[in-house]
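For reference, coords_35.txt (compact mmCIF, C-alpha atoms):
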```
# COMPACT_ATOMS: atom_id res chain seq x y z
CA MET A 21 6.79 -8.44 37.75
CA ASP A 22 10.35 -9.01 38.93
CA ASN A 23 10.42 -12.52 37.58
CA GLN A 24 9.62 -11.18 34.09
CA ILE A 25 12.67 -8.92 33.85
CA ARG A 26 14.69 -11.76 32.36
CA TYR A 27 12.45 -11.87 29.30
CA THR A 28 13.47 -9.94 26.23
CA ASP A 29 10.92 -7.81 24.38
CA GLU A 30 10.67 -10.45 21.68
CA GLU A 31 10.01 -13.19 24.22
CA LEU A 32 7.32 -11.06 25.85
CA ILE A 33 5.50 -10.38 22.59
CA ALA A 34 5.71 -14.08 21.76
CA ARG A 35 4.10 -14.88 25.11
CA PHE A 36 1.45 -12.24 24.54
CA GLN A 37 0.70 -13.68 21.10
CA LYS A 38 -0.01 -16.95 22.87
CA GLY A 39 -2.48 -15.20 25.17
CA ASP A 40 -0.40 -14.10 28.17
CA GLU A 41 -1.90 -10.70 29.08
CA GLN A 42 0.68 -10.17 31.80
CA ALA A 43 3.34 -10.03 29.09
CA TYR A 44 1.37 -7.28 27.39
CA THR A 45 1.27 -5.22 30.61
CA GLU A 46 5.01 -5.65 30.99
CA LEU A 47 5.61 -4.42 27.44
CA VAL A 48 3.40 -1.38 28.05
CA ILE A 49 5.30 -0.53 31.23
CA ARG A 50 8.64 -0.89 29.44
CA TYR A 51 7.76 1.31 26.49
CA ARG A 52 5.13 3.77 27.75
CA ASP A 53 7.55 6.50 28.92
CA LYS A 54 10.14 5.99 26.18
CA LEU A 55 7.45 6.41 23.55
CA MET A 56 5.93 9.30 25.47
CA THR A 57 9.23 11.20 25.28
CA PHE A 58 9.63 10.41 21.60
CA VAL A 59 6.09 11.45 20.68
CA PHE A 60 5.99 14.55 22.90
CA ARG A 61 9.24 15.85 21.37
CA PHE A 62 7.65 15.21 18.00
CA VAL A 63 4.17 16.75 18.42
CA ASN A 64 4.93 19.19 21.27
CA ASP A 65 1.61 18.58 23.02
CA MET A 66 1.32 16.54 26.20
CA GLU A 67 -2.32 15.48 25.86
CA GLN A 68 -1.95 14.62 22.23
CA ALA A 69 1.21 12.64 22.92
CA GLU A 70 -0.59 10.60 25.58
CA ASP A 71 -3.49 9.91 23.21
CA ILE A 72 -1.05 8.72 20.56
CA ILE A 73 0.67 6.38 23.01
CA GLN A 74 -2.72 5.03 24.08
CA ASP A 75 -3.52 4.36 20.43
CA THR A 76 -0.12 2.73 19.96
CA MET A 77 -0.65 0.41 22.91
CA LEU A 78 -4.16 -0.40 21.80
CA LYS A 79 -2.81 -1.29 18.36
CA LEU A 80 -0.25 -3.49 20.02
CA TYR A 81 -3.12 -5.27 21.77
CA THR A 82 -5.45 -5.61 18.78
CA HIS A 83 -2.78 -6.28 16.14
CA LYS A 84 -0.40 -8.43 18.15
CA HIS A 85 -0.29 -11.10 15.42
CA TYR A 86 1.00 -8.58 12.90
CA TYR A 87 4.36 -8.67 14.61
CA ARG A 88 6.74 -11.18 13.05
CA ASN A 89 9.92 -12.14 14.80
CA ILE A 90 12.12 -10.88 11.97
CA ALA A 91 12.62 -7.39 13.41
CA LYS A 92 13.26 -6.08 16.88
CA PHE A 93 10.12 -5.39 18.86
CA SER A 94 11.35 -1.85 19.64
CA THR A 95 11.64 -1.10 15.91
CA TRP A 96 8.06 -2.26 15.35
CA ILE A 97 6.56 -0.28 18.24
CA TYR A 98 8.51 2.88 17.38
CA THR A 99 7.31 2.59 13.78
CA ILE A 100 3.67 2.38 14.93
CA ALA A 101 4.04 5.34 17.28
CA GLY A 102 5.92 7.40 14.69
CA ASN A 103 3.31 6.77 12.01
CA LEU A 104 0.45 7.67 14.36
CA ALA A 105 2.27 10.84 15.40
CA LYS A 106 2.83 11.87 11.79
CA THR A 107 -0.84 11.24 10.99
CA GLU A 108 -1.90 13.32 13.99
CA LEU A 109 0.40 16.18 12.99
CA ARG A 110 -1.05 16.20 9.48
CA LYS A 111 -4.59 16.33 10.90
CA LYS A 112 -3.58 19.13 13.25
CA LYS A 113 -2.07 21.11 10.39
CA THR A 114 -5.25 20.75 8.34
CA ARG A 115 -7.41 21.80 11.29
CA LYS A 116 -5.27 24.89 11.90
CA VAL A 117 -5.44 26.00 8.27
CA THR A 118 -9.22 25.51 8.19
CA ASN A 119 -9.84 27.42 11.39
CA ILE A 120 -7.83 30.47 10.44
CA SER A 121 -9.25 30.63 6.94
CA GLN A 122 -12.80 30.45 8.32
CA MET A 123 -12.28 33.40 10.70
CA GLY A 124 -13.42 36.89 9.90
CA PRO A 125 -10.90 39.79 10.09
CA GLU A 126 -12.24 40.78 13.53
CA ASP A 127 -11.81 37.23 14.82
CA ARG A 128 -8.11 36.90 14.10
CA ASP A 129 -7.01 37.23 17.66
CA TYR A 130 -5.09 34.05 18.28
CA GLU A 131 -1.97 33.32 20.26
CA LEU A 132 1.16 31.80 18.87
CA PRO A 133 3.34 29.86 21.32
CA SER A 134 6.07 32.10 22.61
CA VAL A 135 9.65 30.92 22.95
CA ALA A 136 10.93 34.17 24.41
CA PRO A 137 12.66 33.86 27.76
CA GLU A 138 10.47 34.45 30.79
CA THR A 139 13.35 34.86 33.24
CA ASP A 140 11.13 36.07 36.04
CA GLU A 141 9.02 32.95 36.00
CA VAL A 142 11.14 30.08 34.86
CA VAL A 143 14.59 28.83 35.72
CA GLN A 144 17.39 28.76 33.19
CA SER A 145 17.10 25.04 32.51
CA GLU A 146 13.44 25.38 31.64
CA TYR A 147 14.28 28.19 29.26
CA ILE A 148 16.92 26.05 27.54
CA GLU A 149 14.51 23.16 27.29
CA LYS A 150 11.83 25.34 25.72
CA LYS A 151 14.32 26.80 23.30
CA ILE A 152 15.56 23.36 22.23
CA GLN A 153 12.02 22.05 21.96
CA ALA A 154 11.12 25.01 19.73
CA ALA A 155 14.21 24.41 17.58
CA ILE A 156 13.24 20.74 17.19
CA GLN A 157 9.74 21.80 16.13
CA ASN A 158 11.26 24.01 13.43
CA LEU A 159 12.96 21.02 11.82
CA PRO A 160 11.24 19.41 8.85
CA LEU A 161 9.41 16.22 9.86
CA HIS A 162 11.94 13.82 8.32
CA PHE A 163 14.81 15.59 10.13
CA ARG A 164 12.85 15.81 13.38
CA THR A 165 12.16 12.07 13.54
CA VAL A 166 15.76 10.99 13.05
CA THR A 167 17.13 13.60 15.46
CA ILE A 168 14.79 12.55 18.27
CA LEU A 169 15.48 8.88 17.67
CA ARG A 170 19.24 9.40 17.58
CA ASP A 171 19.98 12.17 20.06
CA ILE A 172 17.17 11.67 22.60
CA GLN A 173 16.28 7.99 22.29
CA GLU A 174 19.87 7.04 21.45
CA LEU A 175 18.95 4.39 18.91
CA SER A 176 21.50 3.06 16.45
CA TYR A 177 21.63 4.25 12.84
CA GLU A 178 20.57 0.80 11.67
CA GLU A 179 17.52 0.76 13.90
CA ILE A 180 16.52 4.28 12.84
CA SER A 181 16.90 3.22 9.22
CA LYS A 182 14.40 0.40 9.81
CA ILE A 183 11.96 2.59 11.74
CA VAL A 184 11.79 5.40 9.19
CA GLU A 185 12.22 2.95 6.29
CA VAL A 186 14.96 4.82 4.45
CA PRO A 187 18.51 3.70 3.57
CA LEU A 188 21.26 3.97 6.14
CA GLY A 189 23.15 6.61 4.14
CA THR A 190 20.04 8.79 4.01
CA VAL A 191 19.61 8.49 7.78
CA LYS A 192 23.23 9.59 8.36
CA SER A 193 22.86 12.49 5.99
CA ARG A 194 19.57 13.60 7.57
CA ILE A 195 21.02 13.46 11.07
CA ASN A 196 24.01 15.53 10.01
CA ARG A 197 21.90 18.17 8.31
CA ALA A 198 19.46 18.29 11.23
CA ARG A 199 22.31 18.86 13.67
CA LEU A 200 23.69 21.66 11.51
CA GLN A 201 20.26 23.29 11.39
CA LEU A 202 19.82 22.94 15.15
CA GLN A 203 23.25 24.46 15.71
CA ASN A 204 22.21 27.41 13.59
CA GLU A 205 19.00 27.91 15.56
CA LEU A 206 20.59 27.48 18.97
CA LYS A 207 23.58 29.77 18.35
CA ASP A 208 22.53 32.28 20.97
CA LEU A 209 21.89 29.65 23.61
CA LYS A 210 25.42 29.72 25.01
CA MET B 17 39.34 17.88 2.77
CA ASP B 18 37.33 20.97 1.87
CA ARG B 19 34.64 22.82 3.86
CA TYR B 20 31.71 20.79 2.41
CA GLN B 21 33.38 17.45 3.04
CA PHE B 22 34.17 18.64 6.54
CA GLU B 23 30.52 19.58 7.27
CA ASP B 24 29.28 16.28 5.84
CA ALA B 25 31.59 14.35 8.15
CA ILE B 26 30.77 16.17 11.43
CA SER B 27 28.12 13.71 12.61
CA ALA B 28 30.18 10.71 11.56
CA TYR B 29 33.08 12.15 13.54
CA LEU B 30 30.96 12.83 16.64
CA ASP B 31 29.34 9.39 16.43
CA ASN B 32 32.73 7.73 15.97
CA GLU B 33 31.83 6.37 12.56
CA LEU B 34 34.92 7.55 10.63
CA THR B 35 37.82 5.31 9.70
CA LEU B 36 41.20 6.10 11.18
CA SER B 37 42.48 7.89 8.05
CA GLU B 38 39.23 9.85 7.68
CA ARG B 39 39.36 10.84 11.32
CA LYS B 40 42.92 12.07 10.93
CA ALA B 41 42.03 14.14 7.86
CA PHE B 42 39.05 15.59 9.73
CA GLU B 43 41.12 16.58 12.77
CA ASP B 44 43.85 18.05 10.56
CA PHE B 45 41.25 20.29 8.91
CA MET B 46 39.86 21.25 12.32
CA ASN B 47 43.32 22.16 13.66
CA VAL B 48 44.01 24.64 10.88
CA ASN B 49 40.45 25.96 10.74
CA SER B 50 39.26 27.49 14.02
CA GLU B 51 35.79 28.15 12.61
CA GLY B 52 35.43 24.46 11.86
CA LYS B 53 36.54 23.56 15.36
CA HIS B 54 34.03 25.98 16.83
CA LEU B 55 31.25 24.44 14.73
CA VAL B 56 32.07 20.93 15.94
CA ASP B 57 32.24 22.05 19.57
CA SER B 58 28.95 23.85 19.24
CA ILE B 59 27.19 20.83 17.73
CA ARG B 60 28.64 18.58 20.42
CA ALA B 61 27.31 20.91 23.13
CA ASN B 62 23.86 20.95 21.51
CA MET B 63 23.81 17.16 21.37
CA THR B 64 24.58 17.05 25.08
CA SER B 65 21.83 19.54 25.85
CA ILE B 66 19.32 17.57 23.78
CA LYS B 67 20.35 14.35 25.47
CA ASN B 68 19.80 15.97 28.86
CA LEU B 69 16.27 17.06 28.10
CA SER B 70 13.94 15.81 30.80
CA ASP B 71 12.17 12.52 30.21
CA ILE B 72 8.45 12.76 29.69
CA LYS B 73 6.32 10.43 31.73
CA ALA B 74 2.81 9.28 31.04
CA SER B 75 0.15 10.45 33.47
CA ASN B 76 -1.12 8.29 36.34
CA SER B 77 -4.38 7.72 34.51
CA PHE B 78 -2.59 6.15 31.55
CA MET B 79 -2.96 2.51 32.58
CA PRO B 80 -6.57 2.71 33.83
CA ASN B 81 -7.57 4.52 30.63
CA LEU B 82 -5.78 1.96 28.49
CA HIS B 83 -7.50 -0.93 30.28
CA LYS B 84 -10.87 0.75 29.78
CA ARG B 85 -10.22 1.06 26.08
CA ILE B 86 -9.11 -2.55 25.87
CA GLU B 87 -12.28 -3.69 27.64
CA PHE B 88 -14.32 -1.60 25.22
CA GLU B 89 -12.51 -3.20 22.26
CA LYS B 90 -13.18 -6.67 23.66
CA LYS B 91 -16.91 -5.98 23.99
CA ARG B 92 -17.22 -4.45 20.54
CA PRO B 93 -19.22 -6.65 18.21
CA SER B 94 -17.01 -8.36 15.69
CA LYS B 95 -17.18 -7.43 12.05
CA LYS B 96 -20.27 -8.64 10.27
CA ILE B 97 -19.49 -11.62 8.08
CA VAL B 98 -21.43 -11.78 4.86
CA ASN B 99 -22.78 -15.30 4.35
CA ARG B 100 -22.16 -16.51 0.86
CA PRO B 101 -24.28 -19.25 -0.75
CA SER B 102 -22.80 -22.58 0.14
CA LYS B 103 -22.73 -24.06 -3.36
CA THR B 104 -21.69 -22.11 -6.42
CA LEU B 105 -20.56 -23.09 -9.92
CA PHE B 106 -17.81 -20.75 -11.12
CA GLY B 107 -19.25 -18.13 -8.78
CA PHE B 108 -22.87 -18.53 -9.99
CA THR B 109 -25.74 -19.96 -8.03
CA PRO B 110 -27.20 -23.15 -9.60
CA LEU B 111 -30.12 -21.17 -11.10
CA TYR B 112 -27.90 -18.56 -12.75
CA ALA B 113 -25.44 -21.23 -13.83
CA SER B 114 -28.27 -23.04 -15.68
CA ILE B 115 -29.40 -19.82 -17.38
CA MET B 116 -25.83 -19.03 -18.40
CA THR B 117 -25.37 -22.54 -19.83
CA VAL B 118 -28.54 -22.26 -21.96
CA LEU B 119 -27.46 -18.85 -23.22
CA ILE B 120 -23.98 -20.07 -24.13
CA ILE B 121 -25.37 -23.10 -26.02
CA SER B 122 -27.78 -20.81 -27.90
CA PHE B 123 -24.98 -18.46 -28.90
CA VAL B 124 -22.80 -21.32 -30.11
CA THR B 125 -25.63 -22.83 -32.20
CA VAL B 126 -26.53 -19.53 -33.83
CA GLY B 127 -22.88 -18.72 -34.38
CA VAL B 128 -22.18 -22.05 -36.15
CA ASN B 129 -25.15 -21.56 -38.48
CA LEU B 130 -24.07 -18.05 -39.46
CA TRP B 131 -20.49 -19.08 -40.17
CA PRO B 132 -19.62 -18.81 -43.96
CA GLY B 133 -18.28 -22.35 -44.15
CA ALA B 134 -21.42 -23.86 -42.72
CA GLN B 135 -23.63 -26.19 -44.89
CA ALA B 136 -26.04 -24.13 -47.03
CA PRO B 137 -29.74 -24.70 -46.56
CA ALA B 138 -31.57 -26.73 -49.24
CA ASN B 139 -33.61 -23.86 -50.71
CA THR B 140 -30.64 -21.62 -51.62
CA ILE B 141 -29.49 -21.29 -55.29
CA PRO B 142 -26.22 -23.15 -55.97
CA ALA B 143 -23.31 -21.65 -57.91
CA TYR B 144 -23.31 -22.32 -61.68
CA THR B 145 -20.93 -25.13 -62.54
CA GLY B 146 -21.84 -25.75 -66.15
CA ASN B 147 -19.77 -25.40 -69.34
CA ILE B 148 -19.63 -21.74 -70.38
CA SER B 149 -17.30 -22.00 -73.40
CA GLY B 150 -18.36 -24.85 -75.64
CA ALA B 151 -21.41 -26.97 -76.04
CA PRO B 152 -24.78 -25.39 -75.78
CA ASN B 153 -27.00 -26.35 -72.97
CA LYS B 154 -28.96 -29.31 -73.99
CA THR B 155 -32.07 -28.11 -72.26
CA LEU B 156 -32.05 -24.74 -74.08
CA ASP B 157 -31.30 -26.22 -77.49
CA HIS B 158 -34.07 -27.14 -79.87
CA PRO B 159 -34.50 -30.77 -79.25
CA THR B 160 -35.27 -33.18 -82.02
CA ILE B 161 -38.26 -35.33 -81.61
CA ASP B 162 -37.12 -38.77 -80.88
CA ALA B 163 -38.01 -41.65 -78.75
CA ASN B 164 -37.07 -39.83 -75.57
CA GLN B 165 -39.08 -36.77 -76.41
CA ASP B 166 -41.40 -37.12 -73.48
CA ALA B 167 -38.55 -37.43 -71.08
CA ILE B 168 -36.72 -34.43 -72.52
CA LEU B 169 -39.85 -32.33 -72.46
CA ALA B 170 -40.48 -33.30 -68.94
CA GLU B 171 -36.96 -32.37 -68.07
CA ALA B 172 -37.24 -29.00 -69.79
CA GLU B 173 -40.36 -28.15 -67.89
CA THR B 174 -38.65 -28.57 -64.60
CA ASP B 175 -36.97 -25.69 -62.81
CA SER B 176 -33.42 -25.17 -64.13
CA ALA B 177 -32.33 -24.56 -60.59
CA ASP B 178 -33.51 -27.97 -59.54
CA THR B 179 -30.31 -29.78 -58.70
CA THR B 180 -32.08 -33.02 -58.21
CA ILE B 181 -32.55 -33.52 -61.98
CA GLN B 182 -29.03 -34.81 -62.45
CA LYS B 183 -29.44 -37.13 -59.59
CA LYS B 184 -32.74 -38.36 -61.00
CA LYS B 185 -31.05 -39.05 -64.37
CA ASN B 186 -28.31 -41.03 -62.73
CA PHE B 187 -30.68 -43.18 -60.80
CA LYS B 188 -30.32 -46.81 -61.77
CA LEU B 189 -33.60 -48.02 -60.68
CA GLY B 190 -32.95 -51.53 -61.94
CA ASN B 191 -35.44 -53.95 -60.67
CA GLN B 192 -36.40 -51.82 -57.74
CA VAL B 193 -39.14 -49.96 -59.60
CA LYS B 194 -41.70 -51.77 -61.67
CA PHE B 195 -44.43 -50.12 -63.64
CA VAL B 196 -47.86 -51.53 -63.32
CA LYS B 197 -47.95 -53.14 -66.76
CA ASP B 198 -44.30 -54.07 -66.90
CA GLN B 199 -43.84 -57.33 -68.73
CA ARG B 200 -40.44 -58.03 -67.28
```
Write the structure described by the file as structure tokens, please.
Amino acid sequence: MDNQIRYTDEELIARFQKGDEQAYTELVIRYRDKLMTFVFRFVNDMEQAEDIIQDTMLKLYTHKHYYRNIAKFSTWIYTIAGNLAKTELRKKKTRKVTNISQMGPEDRDYELPSVAPETDEVVQSEYIEKKIQAAIQNLPLHFRTVTILRDIQELSYEEISKIVEVPLGTVKSRINRARLQLQNELKDLK
Amino acid sequence: MDRYQFEDAISAYLDNELTLSERKAFEDFMNVNSEGKHLVDSIRANMTSIKNLSDIKASNSFMPNLHKRIEFEKKRPSKKIVNRPSKTLFGFTPLYASIMTVLIISFVTVGVNLWPGAQAPANTIPAYTGNISGAPNKTLDHPTIDANQDAILAEAETDSADTTIQKKKNFKLGNQVKFVKDQR
């Protein structure tokens, strides 16, 4: 693998398009954990996040010729993962609504995820992480995506604009509003 | 700079996206407005906390599972391709193309015959073209008995709608017709 480090993402996908499966493996290794972080912060479910990344990588394998060398490879793969995550969240939302509505009054004994501090069991950093994760989940989807891409993945505004397919000005405005909302939710964190 | 402009510019300030003059105006507002400064500091601290969130790693079974799925995809039968007939004429098979051609020709023929400008059939009654103001019709007048009496009577007996009478009168038979006892 060491001799492949010199290849850029775009060179690797070009090699894969010509049939080099080793290039595909290298791309998966490069992006698997980055995408895992992005998708987990988005859907807040480890198993689901891993399934989405599997689907993303499978799509990369089966639809390799859909990539055209006019955009960065990272933009393309983030777009695929983001779209799959959004689709999964919509499905999850529908399933939740259906389940609750189908329950009888005696059945409505379900647990909502708690974000209250469990100081006896978890360390302070874990508490902060849970609190931030919960605050991110409270953001509307279009704010959540840009915040994760900017503040966790540290992508540029231009790249985010291409991934979420909205103008640059809208991306800047969404990031600003998302940060203000997060600040409001995390006031008591300090 | 007012409060709204200040809030709109916070991210641009933190991401170093403001021009020099904008940055100066922003910092001037912050220096005279402690609440604004507190807001910026708070957002900056949150950004740092978010950035420091632990990275999430895929499980150890990620790669084996992915390879299994890829192998499964490779073995999946490809999409069924519907075989189209090899030769078609404008999308029709030769049989249907022939039927369509016959139908089109039939429609055209019938259509031409029904068209108002088309040639009228021989048995239809023609429009009256005679003189309606002056001279009486010779055939309805009381004819005088003269040498052509037989011919006139014969003419009167014929159907008035027979358009061939005029043509018959204009025939110059000349030497083409000879009666049996013609002395010429």
Starting from chain A, keep only residues with some atom at most 10 Å from an atom of chain B, counting all atoms listed in the file, and report them as JSON, numbers by chain.
-> {"A": [45, 48, 49, 52, 53, 54, 55, 56, 57, 58, 59, 60, 61, 66, 67, 69, 70, 71, 73, 74, 75, 77, 78, 79, 81, 82, 145, 146, 148, 149, 150, 152, 153, 156, 167, 168, 170, 171, 172, 173, 174, 177, 192, 193, 194, 195, 196, 197, 198, 199, 200, 201, 202, 203, 204, 206, 207, 209, 210]}
Interatomic distance (Å, one decimal) between atom CA of Tyr86 of chain A and atom CA of Ile72 of chain A |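 It comes out at 19.0 Å.
For the pair atom CA of Phe62 of chain A and atom CA of Thr190 of chain A, the interatomic distance is 19.8 Å.
Straight-line separation from atom CA of Val184 of chain A to atom CA of Arg19 of chain B: 29.2 Å.
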Identify which of the residues A:Glu108, A:Glu46, A:Glu41, A:Asp29 lies closest to Phe93 of chain A, counting only C-alpha atoms when measuring atom-to-atom distances.
->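 Using only C-alpha atoms, Phe93 of chain A sits closest to A:Asp29.
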For segment 42-47 of chain B, work out the shell of residues within 7 Å, counting all atoms listed in the file and skipping chain neighbours fewer than 5 positions away, then give it as a list in words.
-> Met17, Phe22, Gly52 and Lys53 of chain B
Output C-alpha atoms of each residue in that selection to a file, as a CSV table (one decimal), keeping the file's coordinate frame.
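So selection-v5.csv came out as:
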```csv
chain,number,residue,atom,x,y,z
B,17,MET,CA,39.3,17.9,2.8
B,22,PHE,CA,34.2,18.6,6.5
B,52,GLY,CA,35.4,24.5,11.9
B,53,LYS,CA,36.5,23.6,15.4
```
